[in-house]
Amino acid sequence: MLDKKYNAQEKEGKWLQYWKDNAVYKFTRDNRPVFSVDTPPPTVNGKIHIGHVFSYSQAEMVTRYKRLRGFNVFYPFGFDDNGLPSERLVEKEQGKKAHQIGREEFSRLCYETTDRYEEEFRQLFGQLGVGADMSMCYKTVSPSTIKISQTSFLDLVSKGHCYHKESPALWCNECMTSIAQAELETKTIKTTFNYIHFTTVEDGEQFTIATTRPELLPAIVCVFVNPEDEKRAHLIGKTARIPAINVEVPIMADEKVAIDKGTGVVMCCTFGDQTDIEWWKKYNLPLKHIFTDDGRIIDSVPNYGGLKIKEARAKVIEDLKNAGVVEKIEELEHEVQVHERCGKEVEYSVMKQWFIDTTSHKEDFIRMGNNIKWHPEHMHKRYDEWVNNIAWDWCISRQRYFGVPFPVWYCADCGEAVFARVEDLPVNPLTDKPHIHNCPKCGCSEFVPERDVMDTWATSSVTPLINMKYGEENNYEDILRPMSIRVNASDIIRTWDFYTIVKSFYHFGHQPWNEVMISGFVMAGKGEKISKSKNNSKSDPMQLIKEYSADVIRYWAGSGRLGTDIVFADETILRGRKLVNKIWNVSKFIEMHLTDFENKEFNDYEYIDRWILGSFQEMEKGFIKYLDEYEVGLALNHLEKFFWNFCDNYIEIVKHRLYRPEEFGEKARYSGQKTVYTILYKLLQDFSIFFPFITEEIYQELFHDNKSIHLTEIKPLEFDFDSEIKNGDMIIEIISQARGEKTNHNVSLKTPIKKLDISVDQQLKDAINQSIKDFKATLFIQSLTLQDAKEGFIVNELELNLDETDVK
RNA sequence: GGAAGUUUAGCUCAGUUGGUAGAGCAUCUGCCUUACAAGCAGGCGGUCAUAGGUUCGAGUCCUAUAACUUCCACCA
């Protein structure tokens, strides 16, 4: 028997254990079609928030749906403990920078810290009921992952898509590492636009350059003017003297200079922005790099050496003012590029780095994107736009510690790179030695290890390879190339999705998955993203689960449209609680009336039973259609609507038959029993996608066939009850009107109707005649007369019997 | 500067091929009805952002505009 009240905390614990003991979510090969999910490994870098719950729930529900539809679900899990986020966490906890701690100790702390946080994440996803196969759980810094990541690197090198080159790269002087274009964010800051007088050496002609970055004056290598510029073209070919610095640079022509922007004269520094890099390459300009790795002016710059960038800026402005060469200073708000991990403004640096070619195969990447079905569709555009706008090859070198090492050494003499052999992977060049003893180029026997580690995304982008156990025996390559679906939020289309596509294309020549499912974000309020740094998430998910149950939290997480942002709303939680509670109560009711029920072949259903069976069948069609589009929220909405109709209308009608067979007949009772049995079974299956716990509890208690509801299969009904659906709905409308009449008289719904006279059309008359006992019993009608109407129905007379409160 | 999404009841949001506007919450009124008061029945509440157009008919299709959100680019 089901308990009077459902104790979520106790039952959820029980079923978690049951699923674990019975390996319900375990993947084993068989001959069913495979549905495979490339799950986002959460970044294990701190506090769990409600956003984690949201983004995993929708995808998890899809896997439950697919399982119920007969797919062999391949649903692994992973944790991303790799890279800068983990390092920053450790630095914050220790209150020290990595280089102050020392490489080895720092690495140890990273492992220890991420392990600790990982346990919390594991617990949360467990308690949420995430039905992943945890025996296939990977970590992004484990030896096997490092091996696959290094294998991928070597493959790309051998195919010529990955190269080592001295080249300008984006540099974060807070994190002291190079970064990639995809790791940039824009931020609006207040600054000043400074108009500075320059003069020509030849004739002392004065001209003005406007800049937001006067500290770059020592890095100026040349000045540009547009050759079409009538007013200033005469400057071309002359020499400019830089004020305050007193250095002379040539004035050159380039059509990229906008005549009407700023002052029409541009200083070119190495490097202030991307155009500078372009010009530097195009005109083979000298390199004047004036910043240190941690954001200071290098010592060799007179007057400013050793100052931080912003200090230098202030001092330069001051000096320029004193020299009387500042025309004006304007206040300015503009957008600058910052590093997404720390929010600090990004600089440029030139050093030897590893790059993956992302710029010369754009057409292929676009084609790969076209081979993938995007849900929702418009997210495809974001991908295309990103690919089309990529300006840099992907720099994967990070001058950091905690990450996948490059399996590379360099000849101490000639600098030739020596790569590890695939069979020797994983290797750490800092501790391992190359397999050859002499440089193949110069014969030198001394090698220098690569000290950089790879970008986190360089490893995250091989999750399909990790999933398929690439390179191992008994791998899953045959079933996971490509995988069925990738799921993630919209913010990492340009990183995770893009890089994975790049690598899959280079490795295999095809797309990594057939479909992509993009979820939205959880907003703390309107237009306010939940963020760890702001700590603006009001709700701790563990606390919420404790308070409302995992099923109810899942209701919130499963609502809403795919790809659409959601605000955490108490009212949605309450609505979920009502729904879950109702499922429990109606199940209790049905259980009560099934104690003597035997499931037999039966086709002689009562009219109203045919109505609800047909309605369920119709509903489930739409339900399936939504789920096939991965619109879990819409599917749930659709199902919920039917469910309340089932409870409030159908159950109210059928209960008389169930309670009083002596009055309505045993066959009519059996028809009702068979109907509620069938529909509850199917409702539980459908609801199990969203509420895995309570549905399991009810299922095992009522339908005890010794197996988890999550391993059953949805088989759609195949009735032909179109007429019953249509006319049954009309009957419900009549009932509703009559109930309204009772309510308007402020009397109980049990109040008998002394006389009801209605006009109905022929179809409806047939329907009412076929369901006459149910109809009269539901409304407590003592006398009913039916007249003819052309269409629909009209209530001619309704007289309540206010003397009696009960018919029986 | 380019692009995408959103705009429907006081609030949160549904509305699948165009056919008389829906749900929950809130509010108000009744009803303790042999599953459920965490319930049931009902009321109030909307020129579907604005302006045009296509159509017999537009919340739904087309065009333009506005506001909000987001992505991207430029930032001398």
# chains A, B, ... in the order shown; residues from 1 in each chain; ligands from 1
$ residues_around --residues "A:Trp644" --least-positions-apart "4" --cutoff "10 Å" --atoms "only C-alpha atoms (C1' of nucleotides)" --output "MDAnalysis selection string"
chainID A and resid 579 582:583 639:640 648:651
$ select_by_dssp --residues "stretch 123-340 of chain A" --states "strand (DSSP E)" --output "number ranges by chain"
A: 137-139, 162-172, 177-179, 184-200, 206-211, 220-225, 239-242, 247-253, 265-269, 326-339
$ residues_around --residues "A:Gln206" --least-positions-apart "2" --cutoff "12 Å" --atoms "only C-alpha atoms (C1' of nucleotides)" --output "JSON, numbers by chain"
{"A": [196, 197, 198, 199, 200, 201, 202, 203, 204, 208, 209, 232, 235, 239, 240, 241, 242, 243, 265, 325, 326, 327]}
$ interface_residues --of "chain A" --to "chain B" --cutoff "7 Å" --atoms "only C-alpha atoms (C1' of nucleotides)" --output "MDAnalysis selection string"
chainID A and resid 210:211 262 266:267 335 382 386 527 571 575 578 582 585:586 588:589 739:740 743 746:750
$ residues_around --residues "stretch 344-348 of chain A" --least-positions-apart "5" --cutoff "9 Å" --atoms "only C-alpha atoms (C1' of nucleotides)" --output "ChimeraX atom specification"
/A:168-175,178,184,187,270-274,291,295,336-339
$ select_by_dssp --residues "stretch 181-428 of chain A" --states "helix (DSSP H, G or I)" --output "ChimeraX atom specification"
/A:181-183,214-219,233-235,274-282,309-322,362-370,379-389,422-424
$ residues_around --residues "stretch 113-123 of chain A" --least-positions-apart "3" --cutoff "6 Å" --atoms "only C-alpha atoms (C1' of nucleotides)" --output "PDB file with N, CA, C and O atoms, in the first residue's frame"
ATOM      1  N   VAL A  44      34.802  21.837 -12.001  1.00  0.00           N
ATOM      2  CA  VAL A  44      34.751  21.610 -10.553  1.00  0.00           C
ATOM      3  C   VAL A  44      35.526  22.713  -9.862  1.00  0.00           C
ATOM      4  O   VAL A  44      36.634  22.508  -9.421  1.00  0.00           O
ATOM      5  N   ASP A  81      38.312  19.210 -14.212  1.00  0.00           N
ATOM      6  CA  ASP A  81      39.108  19.775 -13.127  1.00  0.00           C
ATOM      7  C   ASP A  81      40.376  20.400 -13.666  1.00  0.00           C
ATOM      8  O   ASP A  81      41.219  20.878 -12.943  1.00  0.00           O
ATOM      9  N   LEU A 109      48.154  20.457  -4.842  1.00  0.00           N
ATOM     10  CA  LEU A 109      47.021  21.171  -4.251  1.00  0.00           C
ATOM     11  C   LEU A 109      45.827  21.212  -5.201  1.00  0.00           C
ATOM     12  O   LEU A 109      44.678  21.123  -4.778  1.00  0.00           O
ATOM     13  N   CYS A 110      46.126  21.335  -6.486  1.00  0.00           N
ATOM     14  CA  CYS A 110      45.050  21.361  -7.475  1.00  0.00           C
ATOM     15  C   CYS A 110      44.289  20.042  -7.465  1.00  0.00           C
ATOM     16  O   CYS A 110      43.059  20.012  -7.458  1.00  0.00           O
ATOM     17  N   GLY A 126      23.870  13.147  -8.068  1.00  0.00           N
ATOM     18  CA  GLY A 126      23.268  11.909  -7.600  1.00  0.00           C
ATOM     19  C   GLY A 126      21.898  12.162  -7.013  1.00  0.00           C
ATOM     20  O   GLY A 126      20.907  11.581  -7.434  1.00  0.00           O
TER      21      GLY A 126
END
$ residues_around --residues "stretch 624-638 of chain A" --least-positions-apart "3" --cutoff "9 Å" --atoms "only C-alpha atoms (C1' of nucleotides)" --output "list of chain:residue names"
A:Gln58, A:Ala59, A:Met61, A:Val62, A:Tyr65, A:Lys66, A:His375, A:Pro376, A:Met517, A:Tyr555, A:Ala557, A:Gly558, A:Ser559, A:Gly560, A:Arg561, A:Leu562, A:Met619, A:Glu620, A:Lys621, A:Lys641, A:Phe642, A:Phe643, A:Asp686, A:Phe687, A:Phe690, B:A14, B:U16
$ atom_distance --atom1 "atom CA of A:Leu802" --atom2 "atom CA of A:Gln787"
24.9 Å
$ atom_distance --atom1 "atom CA of A:Phe602" --atom2 "atom CA of A:Tyr677"
12.3 Å
$ atom_distance --atom1 "atom CA of A:Thr191" --atom2 "atom CA of A:Gly343"
16.4 Å
$ residues_around --residues "A:Phe419" --least-positions-apart "5" --cutoff "8 Å" --atoms "only C-alpha atoms (C1' of nucleotides)" --output "PyMOL selection string"
chain A and resi 154+407-409+434
$ write_last_selection --atoms "all heavy atoms" --output "short mmCIF file (atom, residue, chain, number, x, y, z; two decimals), in the first residue's frame"
data_model
loop_
_atom_site.label_atom_id
_atom_site.label_comp_id
_atom_site.auth_asym_id
_atom_site.auth_seq_id
_atom_site.Cartn_x
_atom_site.Cartn_y
_atom_site.Cartn_z
N LEU A 154 49.23 15.06 -31.09
CA LEU A 154 50.22 14.49 -32.01
C LEU A 154 49.61 14.24 -33.40
O LEU A 154 50.26 14.46 -34.42
CB LEU A 154 50.78 13.18 -31.45
CG LEU A 154 51.66 13.32 -30.20
CD1 LEU A 154 52.12 11.95 -29.70
CD2 LEU A 154 52.87 14.23 -30.46
N PRO A 407 53.45 16.75 -25.13
CA PRO A 407 54.41 15.63 -25.17
C PRO A 407 55.59 15.98 -26.08
O PRO A 407 55.83 15.33 -27.09
CB PRO A 407 53.57 14.48 -25.76
CG PRO A 407 52.53 15.16 -26.60
CD PRO A 407 52.28 16.51 -25.99
N VAL A 408 56.30 17.04 -25.70
CA VAL A 408 57.31 17.61 -26.60
C VAL A 408 58.57 18.03 -25.82
O VAL A 408 58.47 18.55 -24.71
CB VAL A 408 56.76 18.88 -27.30
CG1 VAL A 408 57.78 19.45 -28.26
CG2 VAL A 408 55.46 18.59 -28.03
N TRP A 409 59.73 17.79 -26.45
CA TRP A 409 60.99 18.33 -25.96
C TRP A 409 61.62 19.10 -27.11
O TRP A 409 61.26 18.88 -28.27
CB TRP A 409 61.94 17.22 -25.55
CG TRP A 409 61.44 16.33 -24.45
CD1 TRP A 409 61.76 16.41 -23.13
CD2 TRP A 409 60.56 15.21 -24.58
NE1 TRP A 409 61.13 15.42 -22.42
CE2 TRP A 409 60.38 14.66 -23.28
CE3 TRP A 409 59.88 14.60 -25.64
CZ2 TRP A 409 59.57 13.55 -23.02
CZ3 TRP A 409 59.07 13.50 -25.39
CH2 TRP A 409 58.93 12.99 -24.10
N PRO A 434 62.69 11.89 -23.73
CA PRO A 434 62.31 11.46 -25.08
C PRO A 434 62.87 10.08 -25.39
O PRO A 434 63.85 9.66 -24.77
CB PRO A 434 62.90 12.53 -26.01
CG PRO A 434 63.87 13.29 -25.20
CD PRO A 434 63.56 13.09 -23.75
#
$ closest_residue --among "A:Lys147, A:Trp394, A:Arg69, A:Gly102" --to "A:Asp424" --atoms "only C-alpha atoms"
A:Lys147
